[in-house]
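The file data-v5.pdb contains PDB, C-alpha atoms:
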```pdb
ATOM      1  CA  MET A   1      -7.765 -28.429  -8.981
ATOM      2  CA  THR A   2      -9.792 -31.507  -8.105
ATOM      3  CA  ASN A   3     -11.231 -34.122 -10.456
ATOM      4  CA  ASP A   4     -14.706 -32.770  -9.914
ATOM      5  CA  PRO A   5     -15.980 -31.439 -13.276
ATOM      6  CA  LEU A   6     -17.934 -28.730 -11.457
ATOM      7  CA  ASP A   7     -14.814 -27.533  -9.606
ATOM      8  CA  GLN A   8     -13.007 -27.365 -12.932
ATOM      9  CA  LEU A   9     -15.916 -25.549 -14.559
ATOM     10  CA  LEU A  10     -16.103 -22.967 -11.773
ATOM     11  CA  THR A  11     -12.335 -22.423 -11.703
ATOM     12  CA  ARG A  12     -12.264 -21.955 -15.489
ATOM     13  CA  ALA A  13     -15.280 -19.644 -15.499
ATOM     14  CA  PHE A  14     -13.831 -17.376 -12.780
ATOM     15  CA  ALA A  15     -10.369 -17.343 -14.346
ATOM     16  CA  ALA A  16     -11.848 -16.336 -17.720
ATOM     17  CA  GLU A  17     -13.779 -13.413 -16.193
ATOM     18  CA  ILE A  18     -10.849 -12.249 -14.064
ATOM     19  CA  ASP A  19      -8.399 -12.386 -16.970
ATOM     20  CA  LYS A  20     -10.644  -9.998 -18.898
ATOM     21  CA  LEU A  21     -10.118  -7.354 -16.199
ATOM     22  CA  ALA A  22      -6.319  -7.299 -16.327
ATOM     23  CA  ASP A  23      -5.267  -3.761 -17.211
ATOM     24  CA  PRO A  24      -1.626  -2.575 -17.243
ATOM     25  CA  GLU A  25      -2.836   1.043 -17.054
ATOM     26  CA  MET A  26      -4.487   0.344 -13.735
ATOM     27  CA  VAL A  27      -1.224  -1.134 -12.427
ATOM     28  CA  ASP A  28       0.556   2.074 -13.523
ATOM     29  CA  ARG A  29      -2.092   4.259 -11.876
ATOM     30  CA  ILE A  30      -1.779   2.405  -8.571
ATOM     31  CA  LEU A  31       2.020   2.570  -8.597
ATOM     32  CA  CYS A  32       1.969   6.272  -9.535
ATOM     33  CA  ARG A  33      -0.284   7.008  -6.560
ATOM     34  CA  ILE A  34       1.980   5.036  -4.248
ATOM     35  CA  ARG A  35       5.100   6.858  -5.483
ATOM     36  CA  ARG A  36       3.350  10.238  -5.129
ATOM     37  CA  GLN A  37       2.295   9.410  -1.601
ATOM     38  CA  GLN A  38       5.781   8.208  -0.764
ATOM     39  CA  ARG A  39       7.296  11.480  -2.052
ATOM     40  CA  ARG A  40       4.827  13.502   0.034
ATOM     41  CA  ARG A  41       5.695  11.512   3.147
ATOM     42  CA  ASP A  42       9.418  11.847   2.514
ATOM     43  CA  LEU A  43       9.040  15.602   2.057
ATOM     44  CA  LEU A  44       6.969  15.864   5.206
ATOM     45  CA  LEU A  45       9.436  13.794   7.201
ATOM     46  CA  SER A  46      12.419  15.850   6.045
ATOM     47  CA  THR A  47      10.581  19.123   6.801
ATOM     48  CA  MET A  48       9.692  17.946  10.287
ATOM     49  CA  LEU A  49      13.223  16.719  10.924
ATOM     50  CA  THR A  50      14.621  20.064   9.794
ATOM     51  CA  LEU A  51      12.209  21.929  12.042
ATOM     52  CA  GLY A  52      13.028  19.696  14.984
ATOM     53  CA  LEU A  53      16.751  20.057  14.415
ATOM     54  CA  ALA A  54      16.475  23.832  14.036
ATOM     55  CA  ALA A  55      14.463  24.086  17.246
ATOM     56  CA  THR A  56      17.016  21.962  19.065
ATOM     57  CA  LEU A  57      19.977  23.916  17.710
ATOM     58  CA  ILE A  58      18.449  27.219  18.725
ATOM     59  CA  LEU A  59      17.151  26.198  22.117
ATOM     60  CA  VAL A  60      19.769  23.771  23.439
ATOM     61  CA  PRO A  61      22.627  26.300  23.838
ATOM     62  CA  PHE A  62      20.213  28.638  25.536
ATOM     63  CA  ASN A  63      19.143  25.944  27.980
ATOM     64  CA  PHE A  64      22.696  24.768  28.410
ATOM     65  CA  SER A  65      23.860  28.199  29.557
ATOM     66  CA  PHE A  66      20.912  28.440  31.866
ATOM     67  CA  MET A  67      21.692  25.043  33.387
ATOM     68  CA  SER A  68      25.375  25.892  33.862
ATOM     69  CA  LEU A  69      24.388  29.082  35.611
ATOM     70  CA  TRP A  70      22.008  27.177  37.809
ATOM     71  CA  LEU A  71      24.533  24.426  38.677
ATOM     72  CA  THR A  72      27.462  26.745  39.317
ATOM     73  CA  GLN A  73      25.633  29.408  41.255
ATOM     74  CA  GLY A  74      23.045  27.288  43.056
ATOM     75  CA  LEU A  75      19.343  27.598  43.466
ATOM     76  CA  ASP A  76      19.598  30.878  45.301
ATOM     77  CA  GLN A  77      21.242  32.474  42.326
ATOM     78  CA  LEU A  78      18.586  31.621  39.785
ATOM     79  CA  PRO A  79      18.086  34.384  37.257
ATOM     80  CA  ALA A  80      15.150  36.715  37.539
ATOM     81  CA  GLY A  81      11.917  34.843  37.508
ATOM     82  CA  GLY A  82      13.117  31.910  39.641
ATOM     83  CA  TRP A  83      11.381  28.604  38.885
ATOM     84  CA  LEU A  84       8.957  30.291  36.583
ATOM     85  CA  GLY A  85      11.846  31.717  34.579
ATOM     86  CA  ALA A  86      13.434  28.289  34.461
ATOM     87  CA  LEU A  87      10.205  26.755  33.241
ATOM     88  CA  LYS A  88       9.772  29.471  30.671
ATOM     89  CA  SER A  89      13.222  28.906  29.279
ATOM     90  CA  THR A  90      12.739  25.164  28.840
ATOM     91  CA  ALA A  91       9.109  25.396  27.712
ATOM     92  CA  PRO A  92       9.780  26.118  24.018
ATOM     93  CA  LEU A  93      12.043  23.091  23.760
ATOM     94  CA  LEU A  94       9.543  20.857  25.516
ATOM     95  CA  VAL A  95       6.719  22.163  23.359
ATOM     96  CA  ALA A  96       8.783  21.654  20.220
ATOM     97  CA  ALA A  97       9.744  18.150  21.330
ATOM     98  CA  VAL A  98       6.115  17.195  21.886
ATOM     99  CA  LEU A  99       4.433  19.112  19.103
ATOM    100  CA  ILE A 100       6.689  18.270  16.188
ATOM    101  CA  PRO A 101       6.216  14.465  16.363
ATOM    102  CA  CYS A 102       2.476  14.992  16.976
ATOM    103  CA  LEU A 103       2.230  17.295  14.004
ATOM    104  CA  PHE A 104       4.132  14.794  11.896
ATOM    105  CA  ALA A 105       1.858  11.929  12.951
ATOM    106  CA  ILE A 106      -1.296  13.930  12.234
ATOM    107  CA  THR A 107      -0.108  15.178   8.859
ATOM    108  CA  ASP A 108       1.288  11.791   7.908
ATOM    109  CA  GLU A 109      -2.086  10.196   8.643
ATOM    110  CA  ALA A 110      -3.790  12.818   6.502
ATOM    111  CA  VAL A 111      -1.360  12.289   3.617
TER
ATOM    112  CA  MET B   1      12.000 -19.465 -10.171
ATOM    113  CA  THR B   2       9.088 -17.064  -9.676
ATOM    114  CA  PRO B   3       9.042 -15.669  -6.143
ATOM    115  CA  SER B   4       5.906 -16.361  -4.131
ATOM    116  CA  ASP B   5       3.474 -13.611  -3.143
ATOM    117  CA  GLU B   6       4.606 -13.922   0.436
ATOM    118  CA  THR B   7       8.291 -13.516  -0.453
ATOM    119  CA  LEU B   8       7.492 -10.450  -2.543
ATOM    120  CA  ALA B   9       5.364  -8.982   0.235
ATOM    121  CA  PHE B  10       8.209  -9.302   2.741
ATOM    122  CA  GLN B  11      10.653  -7.876   0.231
ATOM    123  CA  ALA B  12       8.370  -4.913  -0.461
ATOM    124  CA  SER B  13       7.739  -4.321   3.219
ATOM    125  CA  ARG B  14      11.236  -4.718   4.669
ATOM    126  CA  LEU B  15      13.254  -3.223   1.824
ATOM    127  CA  ASN B  16      10.637  -0.673   0.758
ATOM    128  CA  ASP B  17      10.939  -2.379  -2.625
ATOM    129  CA  HIS B  18       8.504  -0.820  -5.107
ATOM    130  CA  ALA B  19       9.442  -3.306  -7.817
ATOM    131  CA  ALA B  20       8.361  -6.243  -5.637
ATOM    132  CA  PHE B  21       5.066  -4.534  -4.881
ATOM    133  CA  GLU B  22       4.589  -3.802  -8.577
ATOM    134  CA  VAL B  23       4.721  -7.554  -9.265
ATOM    135  CA  LEU B  24       2.091  -8.119  -6.575
ATOM    136  CA  VAL B  25      -0.173  -5.427  -8.049
ATOM    137  CA  ALA B  26       0.254  -6.911 -11.522
ATOM    138  CA  ARG B  27      -0.593 -10.388 -10.193
ATOM    139  CA  HIS B  28      -3.626  -9.462  -8.123
ATOM    140  CA  HIS B  29      -5.238  -6.321  -9.537
ATOM    141  CA  ALA B  30      -7.588  -8.137 -11.940
ATOM    142  CA  ARG B  31      -8.790 -10.408  -9.126
ATOM    143  CA  ILE B  32      -9.418  -7.483  -6.768
ATOM    144  CA  ARG B  33     -11.044  -5.469  -9.544
ATOM    145  CA  PHE B  34     -13.346  -8.424 -10.221
ATOM    146  CA  LEU B  35     -14.220  -8.703  -6.530
ATOM    147  CA  GLN B  36     -15.017  -4.986  -6.224
ATOM    148  CA  ARG B  37     -17.131  -5.090  -9.389
ATOM    149  CA  ARG B  38     -19.104  -7.950  -7.916
ATOM    150  CA  PHE B  39     -19.557  -6.020  -4.679
ATOM    151  CA  THR B  40     -20.411  -2.619  -6.105
ATOM    152  CA  ARG B  41     -21.885  -3.427  -9.504
ATOM    153  CA  HIS B  42     -20.406  -0.146 -10.686
ATOM    154  CA  GLU B  43     -17.283  -0.134 -12.811
ATOM    155  CA  ALA B  44     -15.862   3.283 -11.876
ATOM    156  CA  THR B  45     -16.505   2.784  -8.164
ATOM    157  CA  ALA B  46     -15.011  -0.705  -8.334
ATOM    158  CA  ASP B  47     -11.876   0.660 -10.003
ATOM    159  CA  ASP B  48     -11.549   3.349  -7.314
ATOM    160  CA  LEU B  49     -11.962   0.766  -4.565
ATOM    161  CA  CYS B  50      -9.439  -1.485  -6.286
ATOM    162  CA  GLN B  51      -6.890   1.351  -6.202
ATOM    163  CA  GLU B  52      -7.737   2.111  -2.577
ATOM    164  CA  THR B  53      -7.253  -1.555  -1.715
ATOM    165  CA  PHE B  54      -3.688  -1.516  -3.023
ATOM    166  CA  MET B  55      -2.926   1.855  -1.409
ATOM    167  CA  THR B  56      -4.036   0.461   1.947
ATOM    168  CA  ALA B  57      -2.140  -2.769   1.300
ATOM    169  CA  TRP B  58       1.050  -0.781   0.667
ATOM    170  CA  GLN B  59       0.590   1.226   3.860
ATOM    171  CA  LYS B  60      -0.161  -1.848   5.955
ATOM    172  CA  LEU B  61       2.315  -4.206   4.331
ATOM    173  CA  ALA B  62       4.352  -4.402   7.525
ATOM    174  CA  SER B  63       1.328  -5.942   9.260
ATOM    175  CA  PHE B  64       1.303  -8.903   6.852
ATOM    176  CA  THR B  65       2.787 -11.650   8.986
ATOM    177  CA  GLY B  66       2.718 -14.476   6.468
ATOM    178  CA  GLN B  67       0.129 -16.400   8.468
ATOM    179  CA  GLY B  68      -2.371 -17.215   5.730
ATOM    180  CA  SER B  69      -1.994 -16.322   2.103
ATOM    181  CA  PHE B  70      -1.241 -12.888   0.700
ATOM    182  CA  ALA B  71      -4.342 -13.309  -1.505
ATOM    183  CA  GLY B  72      -6.484 -13.792   1.588
ATOM    184  CA  TRP B  73      -4.932 -10.800   3.334
ATOM    185  CA  LEU B  74      -5.528  -8.639   0.268
ATOM    186  CA  SER B  75      -9.121  -9.825  -0.108
ATOM    187  CA  ARG B  76      -9.726  -8.868   3.517
ATOM    188  CA  ILE B  77      -8.509  -5.344   2.777
ATOM    189  CA  ALA B  78     -10.685  -5.219  -0.354
ATOM    190  CA  TYR B  79     -13.733  -6.290   1.627
ATOM    191  CA  THR B  80     -13.000  -3.713   4.356
ATOM    192  CA  GLU B  81     -12.657  -0.993   1.711
ATOM    193  CA  PHE B  82     -16.007  -2.022   0.304
ATOM    194  CA  LEU B  83     -17.650  -1.991   3.752
ATOM    195  CA  GLN B  84     -16.230   1.472   4.464
ATOM    196  CA  PHE B  85     -17.535   2.661   1.122
ATOM    197  CA  LYS B  86     -20.995   1.336   1.960
ATOM    198  CA  ARG B  87     -20.880   3.043   5.357
ATOM    199  CA  ARG B  88     -19.942   6.322   3.698
ATOM    200  CA  GLN B  89     -22.916   5.791   1.406
ATOM    201  CA  GLY B  90     -25.105   5.354   4.472
ATOM    202  CA  ARG B  91     -26.303   1.910   3.576
ATOM    203  CA  ARG B  92     -26.230  -1.340   5.459
ATOM    204  CA  PRO B  93     -22.721  -2.735   5.111
ATOM    205  CA  LEU B  94     -23.599  -6.372   4.628
ATOM    206  CA  GLU B  95     -26.027  -5.661   1.843
ATOM    207  CA  VAL B  96     -23.887  -7.119  -0.914
ATOM    208  CA  GLU B  97     -26.546  -6.318  -3.411
ATOM    209  CA  GLY B  98     -26.624  -7.619  -6.901
ATOM    210  CA  ILE B  99     -23.791 -10.012  -6.331
ATOM    211  CA  ALA B 100     -25.532 -12.510  -8.559
ATOM    212  CA  ASP B 101     -27.882 -10.152 -10.329
ATOM    213  CA  ALA B 102     -26.091  -9.682 -13.625
ATOM    214  CA  PRO B 103     -28.103 -10.566 -16.713
ATOM    215  CA  ALA B 104     -27.482 -14.112 -17.815
ATOM    216  CA  SER B 105     -25.721 -14.401 -21.138
ATOM    217  CA  ASN B 106     -26.070 -17.228 -23.598
ATOM    218  CA  PRO B 107     -24.105 -20.327 -22.711
ATOM    219  CA  SER B 108     -21.282 -21.330 -24.969
ATOM    220  CA  PRO B 109     -21.622 -24.926 -26.182
ATOM    221  CA  ASP B 110     -17.847 -25.472 -26.033
ATOM    222  CA  THR B 111     -17.009 -24.182 -22.579
ATOM    223  CA  GLY B 112     -20.278 -24.842 -20.771
ATOM    224  CA  PRO B 113     -22.342 -22.270 -18.910
ATOM    225  CA  ASP B 114     -20.590 -18.952 -18.283
ATOM    226  CA  LEU B 115     -20.059 -17.388 -14.902
ATOM    227  CA  GLU B 116     -23.165 -15.209 -14.915
ATOM    228  CA  ARG B 117     -25.364 -18.207 -15.544
ATOM    229  CA  LEU B 118     -23.586 -20.258 -12.911
ATOM    230  CA  LEU B 119     -23.935 -17.562 -10.268
ATOM    231  CA  GLY B 120     -27.401 -16.598 -11.438
ATOM    232  CA  ILE B 121     -29.000 -19.713 -10.044
ATOM    233  CA  VAL B 122     -27.546 -19.637  -6.517
ATOM    234  CA  GLU B 123     -28.476 -17.491  -3.531
ATOM    235  CA  ARG B 124     -26.571 -14.217  -3.003
ATOM    236  CA  HIS B 125     -24.636 -15.452  -0.008
ATOM    237  CA  GLU B 126     -23.799 -18.678  -1.772
ATOM    238  CA  ALA B 127     -22.556 -16.676  -4.771
ATOM    239  CA  LEU B 128     -20.331 -14.657  -2.471
ATOM    240  CA  MET B 129     -18.844 -17.859  -1.057
ATOM    241  CA  LEU B 130     -18.197 -19.214  -4.566
ATOM    242  CA  ILE B 131     -16.584 -15.926  -5.612
ATOM    243  CA  LEU B 132     -14.290 -15.944  -2.606
ATOM    244  CA  SER B 133     -13.487 -19.623  -2.931
ATOM    245  CA  TYR B 134     -13.101 -20.145  -6.686
ATOM    246  CA  GLY B 135     -12.549 -16.561  -7.813
ATOM    247  CA  GLN B 136     -10.247 -15.367  -5.060
ATOM    248  CA  GLY B 137      -8.715 -18.713  -4.156
ATOM    249  CA  LEU B 138      -9.403 -18.363  -0.430
ATOM    250  CA  THR B 139      -9.602 -21.374   1.849
ATOM    251  CA  ILE B 140     -12.749 -22.192   3.822
ATOM    252  CA  ASP B 141     -11.100 -20.835   6.991
ATOM    253  CA  GLU B 142     -10.046 -17.613   5.269
ATOM    254  CA  ILE B 143     -13.588 -17.048   3.978
ATOM    255  CA  GLY B 144     -14.998 -17.685   7.432
ATOM    256  CA  GLU B 145     -12.557 -15.233   8.956
ATOM    257  CA  LEU B 146     -13.262 -12.623   6.294
ATOM    258  CA  LEU B 147     -17.046 -12.794   6.591
ATOM    259  CA  GLN B 148     -16.988 -13.577  10.317
ATOM    260  CA  VAL B 149     -18.998 -16.756   9.952
ATOM    261  CA  PRO B 150     -18.102 -20.270  11.122
ATOM    262  CA  ALA B 151     -16.061 -22.340   8.666
ATOM    263  CA  GLY B 152     -18.749 -25.037   8.790
ATOM    264  CA  SER B 153     -21.321 -22.577   7.547
ATOM    265  CA  VAL B 154     -19.066 -21.549   4.643
ATOM    266  CA  LYS B 155     -18.531 -25.182   3.738
ATOM    267  CA  SER B 156     -22.237 -25.987   3.777
ATOM    268  CA  LYS B 157     -23.145 -22.906   1.708
ATOM    269  CA  ILE B 158     -20.573 -23.810  -0.934
ATOM    270  CA  HIS B 159     -21.807 -27.390  -0.921
ATOM    271  CA  ARG B 160     -25.417 -26.237  -1.323
ATOM    272  CA  ALA B 161     -24.503 -23.835  -4.122
ATOM    273  CA  LYS B 162     -22.641 -26.549  -5.966
ATOM    274  CA  ALA B 163     -25.532 -28.967  -5.524
ATOM    275  CA  ARG B 164     -27.875 -26.360  -7.006
ATOM    276  CA  ILE B 165     -25.602 -25.789 -10.009
ATOM    277  CA  ARG B 166     -25.122 -29.527 -10.496
ATOM    278  CA  LYS B 167     -28.856 -30.100 -10.463
ATOM    279  CA  HIS B 168     -29.640 -27.157 -12.733
ATOM    280  CA  PHE B 169     -27.037 -28.006 -15.358
ATOM    281  CA  LYS B 170     -27.336 -31.777 -14.843
ATOM    282  CA  LEU B 171     -23.634 -32.137 -14.079
ATOM    283  CA  ALA B 172     -22.246 -35.410 -12.762
ATOM    284  CA  GLU B 173     -20.703 -35.726  -9.318
ATOM    285  CA  ALA B 174     -16.938 -36.163  -8.991
ATOM    286  CA  PRO B 175     -15.859 -39.779  -9.689
TER
END
```
Show me the file's structure as structure tokens.
Amino acid sequence: MTNDPLDQLLTRAFAAEIDKLADPEMVDRILCRIRRQQRRRDLLLSTMLTLGLAATLILVPFNFSFMSLWLTQGLDQLPAGGWLGALKSTAPLLVAAVLIPCLFAITDEAV
Amino acid sequence: MTPSDETLAFQASRLNDHAAFEVLVARHHARIRFLQRRFTRHEATADDLCQETFMTAWQKLASFTGQGSFAGWLSRIAYTEFLQFKRRQGRRPLEVEGIADAPASNPSPDTGPDLERLLGIVERHEALMLILSYGQGLTIDEIGELLQVPAGSVKSKIHRAKARIRKHFKLAEAP
């Protein structure tokens, strides 16, 4: 604070008005909202992680066997469907890999 | 020793420390509530915007770099929340109406003129500068950055407002 009486007057006047608005209940309300939001985000994150993990666990062995077949027997021995079949088999994993983080980001923003 | 706002902000951000943020809310909520009441002139709306300000601050805490004060950073969020509210209302965002329109109360002989009387005699934009400077504790540069006006303009508006108050209440200049 400076020596200027007007600076002191203004600082005092503002401080007096601001002090009147202190409200512990408002602090509690704000913190409650933050904790609620945090819980929602945590729940969302764990759900998405579970979904992603489940998708990976289901699809990876499937793709792994397909890849082994492809590598051991060569391109000529691709299972029925050829490239299209190969694409189809990897598509769910790719879709899951792209969609799950997108879905999380969108929902997280909304929360 | 009491930790500074900036230390608490980093603690809250990096360690996800709710207790540190609680101290910041306790320290600043009255100031932000005051600012939103001045902006909106509506108690319930101001309280909502005050809560929104802290919600946004919590979400964006990682973006607080420590350049400038935490108070300034928080006031910027409060002002943005207010502008967004005005946009949602479909009114011109910079119309900070009624910022100095409160009815003047009787001055107290012991403490001098109260805030409403002090702000009642200056222009709206000057009142806003005084609120941000003396009420929110922002520096001239922070006010300029917040309102997107040159620092020189902020300085001259504050100077003019103070000259008006000095003249009106016949207050002496600083020795």
Counting only C-alpha atoms, which residues of chain A fall within 7 Å of chain B, and what is the closest atom pair for each with its distance in Å at one decimal, ordered by chain and rising number, as CSV?
```
residue,atom,partner,partner_atom,distance
A:Asn3,CA,B:Ala174,CA,6.2
A:Asp4,CA,B:Ala174,CA,4.2
A:Pro5,CA,B:Ala174,CA,6.4
A:Leu10,CA,B:Tyr134,CA,6.5
A:Thr11,CA,B:Tyr134,CA,5.6
A:Ala13,CA,B:Leu115,CA,5.3
A:Phe14,CA,B:Gly135,CA,5.2
A:Ala15,CA,B:Gly135,CA,6.9
A:Ile18,CA,B:Arg31,CA,5.7
A:Asp19,CA,B:Ala30,CA,6.6
A:Leu21,CA,B:Ala30,CA,5.0
A:Ala22,CA,B:Ala30,CA,4.6
A:Val27,CA,B:Ala26,CA,6.0
A:Ile30,CA,B:Gln51,CA,5.7
A:Leu31,CA,B:Glu22,CA,6.9
A:Ile34,CA,B:Met55,CA,6.5
```
For this file, the PyMOL selection byres ((chain B and resi 61) around 8) selects which residues, as a PyMOL selection string? chain B and resi 9-10+12-13+57-60+62-64
Okay, now the selection with C-alpha atoms, as a compact mmCIF listing (two decimals), in the coordinates of the input?
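The result, written out as part14.txt:
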```txt
# COMPACT_ATOMS: atom_id res chain seq x y z
CA ALA B 9 5.36 -8.98 0.24
CA PHE B 10 8.21 -9.30 2.74
CA ALA B 12 8.37 -4.91 -0.46
CA SER B 13 7.74 -4.32 3.22
CA ALA B 57 -2.14 -2.77 1.30
CA TRP B 58 1.05 -0.78 0.67
CA GLN B 59 0.59 1.23 3.86
CA LYS B 60 -0.16 -1.85 5.96
CA ALA B 62 4.35 -4.40 7.52
CA SER B 63 1.33 -5.94 9.26
CA PHE B 64 1.30 -8.90 6.85
```
Just checking: using only C-alpha atoms, which residue out of B:Leu132, B:Leu49, B:Ile158, B:Met1 ends up closest to B:Lys86?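 That would be B:Leu49, the residue with the smallest distance to B:Lys86.
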Here atom CA of A:Leu43 and atom CA of B:Thr65 stand apart by 28.8 Å
What is the atom CA of B:Gly90-atom CA of B:Gln36 distance in Å, reported with one decimal? 18.0 Å
Rounded to one decimal place, report the atom CA of B:Leu8-atom CA of B:Arg76 distance in Å.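 Going from atom CA of B:Leu8 over to atom CA of B:Arg76 covers 18.3 Å.
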